[in-house]
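**Student:** Structure: start37.cif, mmCIF, C-alpha atoms (C1' of nucleotides).
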data_entry
loop_
_atom_site.label_atom_id
_atom_site.label_comp_id
_atom_site.auth_asym_id
_atom_site.auth_seq_id
_atom_site.Cartn_x
_atom_site.Cartn_y
_atom_site.Cartn_z
CA MET N 67 8.49 57.56 -1.62
CA LYS N 68 11.73 55.67 -2.19
CA ILE N 69 12.31 52.18 -3.62
CA ALA N 70 15.73 50.50 -3.59
CA SER N 71 17.52 47.34 -4.72
CA PHE N 72 20.63 45.57 -3.46
CA ASN N 73 22.44 42.31 -4.20
CA ALA N 74 23.57 41.38 -0.68
CA ASN N 75 25.78 38.37 -1.50
CA SER N 76 24.62 36.80 1.79
CA ILE N 77 22.08 38.76 3.86
CA ARG N 78 23.51 37.31 7.08
CA SER N 79 27.01 38.51 6.28
CA ARG N 80 25.77 41.91 5.01
CA ALA N 81 23.23 42.54 7.80
CA PRO N 82 25.19 45.37 9.50
CA VAL N 83 25.61 47.15 6.16
CA ILE N 84 21.92 46.83 5.34
CA LEU N 85 20.83 48.03 8.78
CA ARG N 86 23.06 51.09 8.58
CA TRP N 87 21.92 51.88 5.03
CA LEU N 88 18.24 51.54 5.95
CA ALA N 89 18.74 53.97 8.84
CA GLU N 90 20.61 56.48 6.66
CA SER N 91 18.50 56.27 3.51
CA ALA N 92 15.07 55.39 4.92
CA PRO N 93 13.65 53.74 1.79
CA ASP N 94 9.99 52.74 1.88
CA ILE N 95 10.88 49.53 0.04
CA LEU N 96 14.18 47.62 -0.27
CA CYS N 97 14.42 44.56 -2.51
CA ILE N 98 17.34 42.18 -1.94
CA GLN N 99 18.88 39.45 -4.08
CA GLU N 100 21.35 36.68 -3.22
CA THR N 101 20.25 36.35 0.39
CA LYS N 102 21.92 32.91 0.39
CA VAL N 103 19.82 31.61 3.24
CA GLN N 104 17.04 29.06 3.70
CA ASP N 105 13.75 30.50 4.97
CA LYS N 106 14.07 28.74 8.34
CA ASP N 107 17.39 30.52 8.95
CA PHE N 108 16.42 34.02 7.71
CA PRO N 109 17.77 36.51 10.29
CA LEU N 110 14.41 38.17 11.11
CA PRO N 111 15.41 39.12 14.69
CA VAL N 112 18.46 41.00 13.39
CA PHE N 113 16.26 43.23 11.21
CA ALA N 114 13.29 43.59 13.57
CA PRO N 115 14.59 46.87 15.14
CA ALA N 116 14.61 48.53 11.69
CA GLY N 117 10.81 48.38 11.60
CA TYR N 118 10.21 46.83 8.19
CA GLU N 119 7.80 44.12 7.18
CA ILE N 120 9.88 41.45 5.45
CA VAL N 121 8.97 38.67 3.04
CA PHE N 122 11.48 36.31 1.48
CA ASN N 123 12.06 33.13 -0.43
CA GLY N 124 15.42 31.42 -0.25
CA GLN N 125 17.27 28.17 -0.63
CA LYS N 126 20.44 26.59 0.70
CA GLN N 127 23.72 28.25 -0.35
CA TYR N 128 22.63 30.04 -3.55
CA ASN N 129 20.18 32.69 -4.77
CA GLY N 130 17.37 33.90 -2.48
CA VAL N 131 15.25 37.07 -2.67
CA ALA N 132 13.56 39.31 -0.10
CA ILE N 133 11.40 42.44 0.15
CA PHE N 134 11.57 44.92 3.04
CA ALA N 135 8.71 47.44 3.23
CA LYS N 136 7.41 50.13 5.60
CA GLY N 137 3.90 49.61 4.23
CA GLN N 138 1.83 46.47 4.40
CA ILE N 139 2.96 43.73 2.01
CA SER N 140 0.25 41.69 0.30
CA LYS N 141 -0.20 39.21 -2.54
CA VAL N 142 3.23 37.64 -2.12
CA THR N 143 4.20 35.03 -4.71
CA SER N 144 7.45 33.34 -5.64
CA GLY N 145 8.89 32.03 -8.88
CA LEU N 146 7.93 32.04 -12.54
CA ASP N 147 4.72 30.35 -13.66
CA ASP N 148 6.21 27.40 -15.57
CA GLU N 149 8.89 24.90 -14.59
CA PRO N 150 11.54 25.31 -13.35
CA LYS N 151 9.89 28.05 -11.35
CA ASP N 152 13.10 29.18 -9.68
CA PRO N 153 11.29 30.43 -6.56
CA ALA N 154 14.51 31.76 -5.01
CA ARG N 155 15.05 34.07 -8.00
CA LEU N 156 11.71 35.90 -8.14
CA ILE N 157 9.48 37.31 -5.43
CA SER N 158 6.46 39.46 -6.21
CA ALA N 159 4.19 41.50 -3.94
CA GLU N 160 1.84 44.44 -3.74
CA ILE N 161 2.63 47.38 -1.44
CA ASN N 162 0.58 50.58 -1.14
CA GLY N 163 -1.09 49.99 -4.50
CA ILE N 164 2.20 49.34 -6.30
CA SER N 165 3.09 45.93 -7.74
CA LEU N 166 6.69 44.81 -7.30
CA VAL N 167 8.65 42.07 -9.05
CA ASN N 168 12.08 41.48 -7.54
CA THR N 169 14.33 39.23 -9.66
CA TYR N 170 17.78 37.70 -9.47
CA ILE N 171 18.35 36.71 -13.09
CA PRO N 172 20.75 33.80 -13.76
CA GLN N 173 24.31 34.98 -14.39
CA GLY N 174 24.95 32.55 -17.26
CA HIS N 175 28.41 31.13 -16.43
CA SER N 176 29.84 31.24 -20.00
CA PRO N 177 28.36 31.99 -23.44
CA ASP N 178 28.81 28.38 -24.66
CA SER N 179 27.19 26.79 -21.60
CA GLU N 180 23.70 25.42 -21.00
CA LYS N 181 23.46 27.88 -18.14
CA PHE N 182 23.69 30.73 -20.65
CA GLN N 183 20.79 29.28 -22.66
CA TYR N 184 18.88 29.01 -19.40
CA LYS N 185 19.60 32.69 -18.73
CA LEU N 186 18.29 33.72 -22.16
CA GLN N 187 15.16 31.60 -21.65
CA TRP N 188 14.59 33.35 -18.35
CA PHE N 189 13.98 36.65 -20.16
CA GLN N 190 11.45 34.94 -22.50
CA ARG N 191 9.68 33.38 -19.54
CA LEU N 192 9.67 36.64 -17.63
CA ARG N 193 7.94 38.38 -20.55
CA LYS N 194 5.19 35.72 -20.43
CA TYR N 195 5.02 36.32 -16.68
CA PHE N 196 4.44 40.05 -17.18
CA ASP N 197 1.91 39.35 -19.96
CA THR N 198 0.00 36.98 -17.70
CA HIS N 199 -0.09 39.03 -14.52
CA PHE N 200 0.21 42.68 -15.51
CA SER N 201 -0.48 45.36 -18.07
CA PRO N 202 1.98 48.14 -19.00
CA ASP N 203 -0.69 50.53 -17.65
CA ASP N 204 -0.41 49.06 -14.14
CA PRO N 205 1.77 50.81 -11.54
CA LEU N 206 4.49 48.16 -11.64
CA VAL N 207 8.14 48.15 -10.59
CA TRP N 208 10.51 45.43 -11.86
CA LEU N 209 13.87 45.59 -10.17
CA GLY N 210 16.85 43.59 -9.07
CA ASP N 211 20.11 42.09 -10.26
CA LEU N 212 19.37 41.54 -13.96
CA ASN N 213 22.95 40.39 -14.74
CA VAL N 214 23.03 42.48 -17.93
CA ALA N 215 24.96 45.63 -18.80
CA LEU N 216 22.73 47.31 -21.39
CA THR N 217 25.14 49.59 -23.27
CA GLU N 218 28.79 50.58 -23.54
CA LYS N 219 28.11 53.13 -20.81
CA ASP N 220 27.31 50.31 -18.42
CA VAL N 221 30.70 48.53 -18.36
CA TYR N 222 34.23 49.78 -17.62
CA ALA N 223 35.82 48.39 -20.81
CA PRO N 224 33.13 47.75 -23.45
CA ASP N 225 35.50 46.66 -26.22
CA LYS N 226 37.30 44.18 -24.00
CA LEU N 227 34.21 42.88 -22.22
CA TYR N 228 31.79 42.57 -25.16
CA GLY N 229 30.99 38.88 -25.59
CA SER N 230 30.83 38.06 -21.88
CA VAL N 231 27.68 36.58 -20.39
CA CYS N 232 26.54 39.87 -18.86
CA TYR N 233 27.45 42.03 -21.87
CA CYS N 234 26.90 40.56 -25.35
CA LYS N 235 24.38 40.81 -28.15
CA GLN N 236 22.09 38.06 -26.83
CA THR N 237 21.79 39.49 -23.32
CA THR N 238 21.54 43.16 -24.26
CA ASP N 239 18.90 42.23 -26.87
CA ALA N 240 17.04 40.12 -24.30
CA LEU N 241 16.86 42.95 -21.79
CA THR N 242 16.10 45.62 -24.41
CA GLU N 243 13.23 43.52 -25.79
CA LEU N 244 11.82 42.78 -22.36
CA ALA N 245 12.05 46.43 -21.30
CA ALA N 246 10.12 47.30 -24.49
CA TRP N 247 7.15 45.49 -22.92
CA GLY N 248 6.57 48.75 -21.08
CA PHE N 249 9.43 49.55 -18.72
CA THR N 250 11.58 52.63 -18.25
CA ASP N 251 15.13 52.19 -16.91
CA LEU N 252 14.80 54.77 -14.15
CA PHE N 253 18.52 55.28 -13.67
CA ARG N 254 19.03 56.05 -17.36
CA LYS N 255 15.98 58.32 -17.37
CA HIS N 256 17.80 60.59 -14.96
CA CYS N 257 21.49 60.10 -15.75
CA ASP N 258 23.22 59.78 -19.12
CA LEU N 259 26.75 59.48 -17.74
CA PRO N 260 29.03 56.48 -18.29
CA GLY N 261 30.97 55.07 -15.34
CA GLN N 262 27.94 54.74 -13.05
CA TYR N 263 28.08 51.15 -11.81
CA THR N 264 26.44 48.86 -9.25
CA PHE N 265 28.90 45.92 -9.32
CA TRP N 266 32.70 45.60 -9.09
CA ASP N 267 34.38 42.19 -9.32
CA TYR N 268 36.12 41.21 -6.09
CA ARG N 269 38.87 39.56 -8.09
CA LEU N 270 40.21 42.72 -9.71
CA ARG N 271 42.85 44.36 -7.56
CA GLY N 272 41.76 47.90 -6.77
CA GLY N 273 38.69 47.31 -8.93
CA PHE N 274 36.46 49.64 -6.96
CA ARG N 275 39.08 52.35 -6.56
CA ARG N 276 39.75 52.19 -10.32
CA ASN N 277 35.98 51.99 -10.98
CA LEU N 278 36.27 48.76 -12.97
CA GLY N 279 32.54 48.15 -12.67
CA TRP N 280 29.34 47.07 -14.32
CA ARG N 281 25.77 48.37 -14.09
CA LEU N 282 23.89 45.13 -13.51
CA ASP N 283 21.21 46.26 -11.05
CA TYR N 284 18.12 48.09 -12.26
CA ILE N 285 14.91 49.71 -11.14
CA MET N 286 12.42 49.49 -14.01
CA ALA N 287 8.97 51.07 -13.87
CA THR N 288 5.89 51.20 -16.07
CA GLN N 289 4.77 54.58 -17.41
CA PRO N 290 2.35 55.52 -14.59
CA LEU N 291 5.22 55.26 -12.09
CA ALA N 292 8.10 56.31 -14.34
CA GLU N 293 6.47 59.69 -14.86
CA LYS N 294 6.34 60.17 -11.08
CA CYS N 295 10.01 59.27 -10.60
CA THR N 296 11.96 62.38 -9.57
CA ALA N 297 15.44 60.85 -9.13
CA CYS N 298 17.38 57.59 -9.34
CA TRP N 299 20.97 57.03 -8.23
CA VAL N 300 23.51 54.44 -7.11
CA ASP N 301 24.52 54.76 -3.49
CA GLY N 302 27.31 53.47 -1.28
CA GLU N 303 31.00 52.55 -1.42
CA PRO N 304 30.93 48.77 -1.02
CA ARG N 305 34.68 48.30 -0.48
CA GLU N 306 34.60 50.77 2.40
CA TRP N 307 31.86 49.04 4.39
CA GLU N 308 32.38 47.13 7.65
CA LYS N 309 31.56 44.09 5.53
CA PRO N 310 32.92 45.01 2.07
CA SER N 311 30.76 43.86 -0.82
CA ASP N 312 30.77 43.62 -4.61
CA HIS N 313 27.41 45.30 -5.25
CA THR N 314 26.05 48.62 -4.08
CA PHE N 315 22.54 50.00 -3.64
CA ILE N 316 20.40 51.61 -6.32
CA ILE N 317 17.51 53.82 -5.25
CA ALA N 318 14.64 55.65 -6.96
CA GLU N 319 12.51 58.46 -5.55
CA PHE N 320 8.88 59.10 -6.52
CA GLU N 321 6.51 62.03 -6.05
CA GLU N 322 4.30 61.67 -3.02
CA GLU N 323 0.57 61.58 -3.64
CA ARG N 324 -0.66 64.91 -2.32
CA PRO N 325 -4.24 65.55 -1.25
CA LYS N 326 -6.01 67.78 -3.78
CA LYS N 327 -6.80 71.34 -2.78
CA GLY N 328 -10.41 72.13 -2.01
CA THR N 329 -11.47 68.64 -1.10
CA GLY N 330 -10.83 68.94 2.63
CA HIS N 331 -13.10 70.32 5.30
CA LEU N 332 -13.14 74.04 5.99
"C1'" DA T 274 49.25 39.94 -15.13
"C1'" DT T 275 43.69 36.21 -19.65
"C1'" DG T 276 44.94 36.86 -13.26
"C1'" DG T 277 42.17 37.30 -8.77
"C1'" DT T 278 38.42 37.24 -3.92
"C1'" DC T 279 34.51 36.45 -1.64
"C1'" DG T 280 30.30 33.48 0.80
"C1'" DG T 281 28.42 29.23 2.02
"C1'" DC T 282 29.85 25.38 3.78
"C1'" DA T 283 32.85 21.92 4.63
"C1'" DA T 284 35.01 19.87 -1.25
"C1'" DC T 285 34.02 22.78 -4.21
"C1'" DC T 286 30.39 25.77 -6.72
"C1'" DG T 287 28.84 30.21 -8.11
"C1'" DA T 288 29.74 35.02 -9.04
#
Output the structure of this file as structure tokens.

**Tutor:**
Amino acid sequence: MKIASFNANSIRSRAPVILRWLAESAPDILCIQETKVQDKDFPLPVFAPAGYEIVFNGQKQYNGVAIFAKGQISKVTSGLDDEPKDPARLISAEINGISLVNTYIPQGHSPDSEKFQYKLQWFQRLRKYFDTHFSPDDPLVWLGDLNVALTEKDVYAPDKLYGSVCYCKQTTDALTELAAWGFTDLFRKHCDLPGQYTFWDYRLRGGFRRNLGWRLDYIMATQPLAEKCTACWVDGEPREWEKPSDHTFIIAEFEEERPKKGTGHL
DNA sequence: ATGGTCGGCAACCGA
């Protein structure tokens, strides 16, 4: 069983990339952020041949989240509980007995801005959301573009970049504290290497080739699922795609539930 | 090089 995450930066523009990746990687679940499309314009016919059930919640121009799944999707909700709910930044569902929370956390603009305070509040509100709806004992996956690089291994130039909205004390503390609710960072569980990124700024010349990246996209899981995770890796070369992008895919693999011996018919 | 390039959408905002 495989679960993946991808910031599409426009699902309509990135559709050919997503279709090809789905065919190659065959995830059971793919969560997408920054679809940048209103629900009435979501390109369902484009993705129909891939054979996924799709749920989504978007808005005009910015944000937007979606879940693709091979299994049946149930209990779909959007947004945080309190105002502003930000329904185009959080979509939750249940698939094959697993709860999923797919988030696109605010980027923060600059550390001295109101938008940065809003970003920090988002982590506080998300903790309340987890407290209200889940227990750390539930099989729960929280994934998406969290807009935080957790440690010096997660950015290309930690000394130079420390203090930016996606890598500073407030944001790394916010994510560390929220993860302490009961989540394991599945990528870090399996790989201790620096230089493993999911985002490269378009504006840096040769940024991908020079690996001037950030690890901003995560697959987090509670203990019952984290212990079943057998691998987690970043996948794809986004500057080489037919529609080059600034994010790449992250994917986690879990043990299949196997029928127990001796319980079948002879 | 304290820069620059995308996407949506039609002048700029957001990343």

**Student:** Counting all atoms listed in the file, what are the residues of segment 70-143 of chain N within 8 Å of chain T, and for each of them which pair of atoms is the nearest and at what distance in Å, to one decimal? Sort the table by chain and rising number, as CSV.

**Tutor:**
residue,atom,partner,partner_atom,distance
N:Asn75,CA,T:DG280,C1',7.0
N:Ser76,CA,T:DG280,C1',6.7
N:Lys102,CA,T:DG281,C1',7.6
N:Gln127,CA,T:DG281,C1',5.4
N:Tyr128,CA,T:DG287,C1',7.7

**Student:** Set the distance at 12 Å and use only C-alpha atoms (C1' of nucleotides): which residues neighbour Ile285 of chain N once local chain neighbours fewer than 5 positions away are removed? I'd like the list as number ranges by chain.

**Tutor:** N: 68-72, 95-97, 166-169, 206-212, 245, 249-256, 264, 291-292, 295, 297-300, 315-319

**Student:** Quick one: write out the picked residues with C-alpha atoms as a PDB file, in the coordinates of the input?

**Tutor:**
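The file below, selection.pdb, is the result:
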ATOM      1  CA  LYS N  68      11.730  55.670  -2.190  1.00  0.00           C
ATOM      2  CA  ILE N  69      12.310  52.180  -3.620  1.00  0.00           C
ATOM      3  CA  ALA N  70      15.730  50.500  -3.590  1.00  0.00           C
ATOM      4  CA  SER N  71      17.520  47.340  -4.720  1.00  0.00           C
ATOM      5  CA  PHE N  72      20.630  45.570  -3.460  1.00  0.00           C
ATOM      6  CA  ILE N  95      10.880  49.530   0.040  1.00  0.00           C
ATOM      7  CA  LEU N  96      14.180  47.620  -0.270  1.00  0.00           C
ATOM      8  CA  CYS N  97      14.420  44.560  -2.510  1.00  0.00           C
ATOM      9  CA  LEU N 166       6.690  44.810  -7.300  1.00  0.00           C
ATOM     10  CA  VAL N 167       8.650  42.070  -9.050  1.00  0.00           C
ATOM     11  CA  ASN N 168      12.080  41.480  -7.540  1.00  0.00           C
ATOM     12  CA  THR N 169      14.330  39.230  -9.660  1.00  0.00           C
ATOM     13  CA  LEU N 206       4.490  48.160 -11.640  1.00  0.00           C
ATOM     14  CA  VAL N 207       8.140  48.150 -10.590  1.00  0.00           C
ATOM     15  CA  TRP N 208      10.510  45.430 -11.860  1.00  0.00           C
ATOM     16  CA  LEU N 209      13.870  45.590 -10.170  1.00  0.00           C
ATOM     17  CA  GLY N 210      16.850  43.590  -9.070  1.00  0.00           C
ATOM     18  CA  ASP N 211      20.110  42.090 -10.260  1.00  0.00           C
ATOM     19  CA  LEU N 212      19.370  41.540 -13.960  1.00  0.00           C
ATOM     20  CA  ALA N 245      12.050  46.430 -21.300  1.00  0.00           C
ATOM     21  CA  PHE N 249       9.430  49.550 -18.720  1.00  0.00           C
ATOM     22  CA  THR N 250      11.580  52.630 -18.250  1.00  0.00           C
ATOM     23  CA  ASP N 251      15.130  52.190 -16.910  1.00  0.00           C
ATOM     24  CA  LEU N 252      14.800  54.770 -14.150  1.00  0.00           C
ATOM     25  CA  PHE N 253      18.520  55.280 -13.670  1.00  0.00           C
ATOM     26  CA  ARG N 254      19.030  56.050 -17.360  1.00  0.00           C
ATOM     27  CA  LYS N 255      15.980  58.320 -17.370  1.00  0.00           C
ATOM     28  CA  HIS N 256      17.800  60.590 -14.960  1.00  0.00           C
ATOM     29  CA  THR N 264      26.440  48.860  -9.250  1.00  0.00           C
ATOM     30  CA  LEU N 291       5.220  55.260 -12.090  1.00  0.00           C
ATOM     31  CA  ALA N 292       8.100  56.310 -14.340  1.00  0.00           C
ATOM     32  CA  CYS N 295      10.010  59.270 -10.600  1.00  0.00           C
ATOM     33  CA  ALA N 297      15.440  60.850  -9.130  1.00  0.00           C
ATOM     34  CA  CYS N 298      17.380  57.590  -9.340  1.00  0.00           C
ATOM     35  CA  TRP N 299      20.970  57.030  -8.230  1.00  0.00           C
ATOM     36  CA  VAL N 300      23.510  54.440  -7.110  1.00  0.00           C
ATOM     37  CA  PHE N 315      22.540  50.000  -3.640  1.00  0.00           C
ATOM     38  CA  ILE N 316      20.400  51.610  -6.320  1.00  0.00           C
ATOM     39  CA  ILE N 317      17.510  53.820  -5.250  1.00  0.00           C
ATOM     40  CA  ALA N 318      14.640  55.650  -6.960  1.00  0.00           C
ATOM     41  CA  GLU N 319      12.510  58.460  -5.550  1.00  0.00           C
TER      42      GLU N 319
END

**Student:** Assuming the chain letters and numbering stay as they are in my file, what does the PyMOL selection byres ((chain N) within 6 of (chain T)) actually select? List them as a compact mmCIF listing (two decimals) with C-alpha atoms, in the frame of the given file.

**Tutor:**
# COMPACT_ATOMS: atom_id res chain seq x y z
CA GLN N 127 23.72 28.25 -0.35
CA TYR N 268 36.12 41.21 -6.09
CA ARG N 269 38.87 39.56 -8.09
CA LEU N 270 40.21 42.72 -9.71

**Student:** Which polymer residues have any atom within 8 Å of an atom of Val131 of chain N, counting all atoms listed in the file, with same-chain residues fewer than 6 positions away left out, as a PyMOL selection string?

**Tutor:** chain N and resi 97-101+122-124+154-157+168-170

**Student:** Mind pulling up the distance from atom CA of Ala159 of chain N to atom CA of Thr143 of chain N?

**Tutor:** 6.5 Å

**Student:** Enter the distance from atom CA of Asp225 of chain N to atom CA of Trp280 of chain N, in Å, rounded to one decimal.

**Tutor:**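 Result for atom CA of Asp225 of chain N versus atom CA of Trp280 of chain N: 13.4 Å, one decimal.
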
**Student:** Nearest to Ala287 of chain N among N:Ala89, N:Val221, N:Ile164, N:Val214, with distances taken over all atoms listed in the file: which residue is it?

**Tutor:**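 Smallest distance to Ala287 of chain N is found for N:Ile164.
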
**Student:** Work out how far apart atom CA of Phe182 of chain N and atom CA of Leu227 of chain N are and give it in Å to one decimal.

**Tutor:**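 About the pair atom CA of Phe182 of chain N and atom CA of Leu227 of chain N: they are 16.1 Å apart.
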
**Student:** With only C-alpha atoms (C1' of nucleotides) counted, which protein, DNA or RNA residues have an atom no more than 12 Å from (14.9, 30.9, -20.3) in the file frame? Please answer as a VMD selection string.

**Tutor:** chain N and resid 146 148 to 152 171 to 174 180 to 195 237 240

**Student:** Could you tell me which of N:Gly248, N:Pro177, N:Val103, N:Asn129 comes closest to Gly229 of chain N if we count all atoms listed in the file?

**Tutor:**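 Looking at the shortest contact to Gly229 of chain N, the residue is N:Pro177.
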
**Student:** To box segment 104-110 of chain N, take all atoms listed in the file, fit an axis-aligned box, add 6 Å on each side, and give centre and edge lengths in Å to one decimal, as AutoDock Vina command-line options.

**Tutor:**
--center_x 15.8 --center_y 33.5 --center_z 7.4 --size_x 16.0 --size_y 21.4 --size_z 19.4

**Student:** Evaluate the PyMOL selection byres ((chain N and resi 139) around 8) on the structure here and hand back the selected residues as a VMD selection string.

**Tutor:** chain N and resid 119 121 135 137 to 138 140 to 142 159 to 162

**Student:** Check what the PyMOL selection byres ((chain N and resi 203) around 7) selects in the file above and give those residues as a short mmCIF file (atom, residue, chain, number, x, y, z; two decimals) with C-alpha atoms, keeping the file's coordinate frame.

**Tutor:**
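What landed in result-v4.cif:
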data_model
loop_
_atom_site.label_atom_id
_atom_site.label_comp_id
_atom_site.auth_asym_id
_atom_site.auth_seq_id
_atom_site.Cartn_x
_atom_site.Cartn_y
_atom_site.Cartn_z
CA SER N 201 -0.48 45.36 -18.07
CA PRO N 202 1.98 48.14 -19.00
CA ASP N 204 -0.41 49.06 -14.14
CA PRO N 205 1.77 50.81 -11.54
CA THR N 288 5.89 51.20 -16.07
CA GLN N 289 4.77 54.58 -17.41
CA PRO N 290 2.35 55.52 -14.59
#
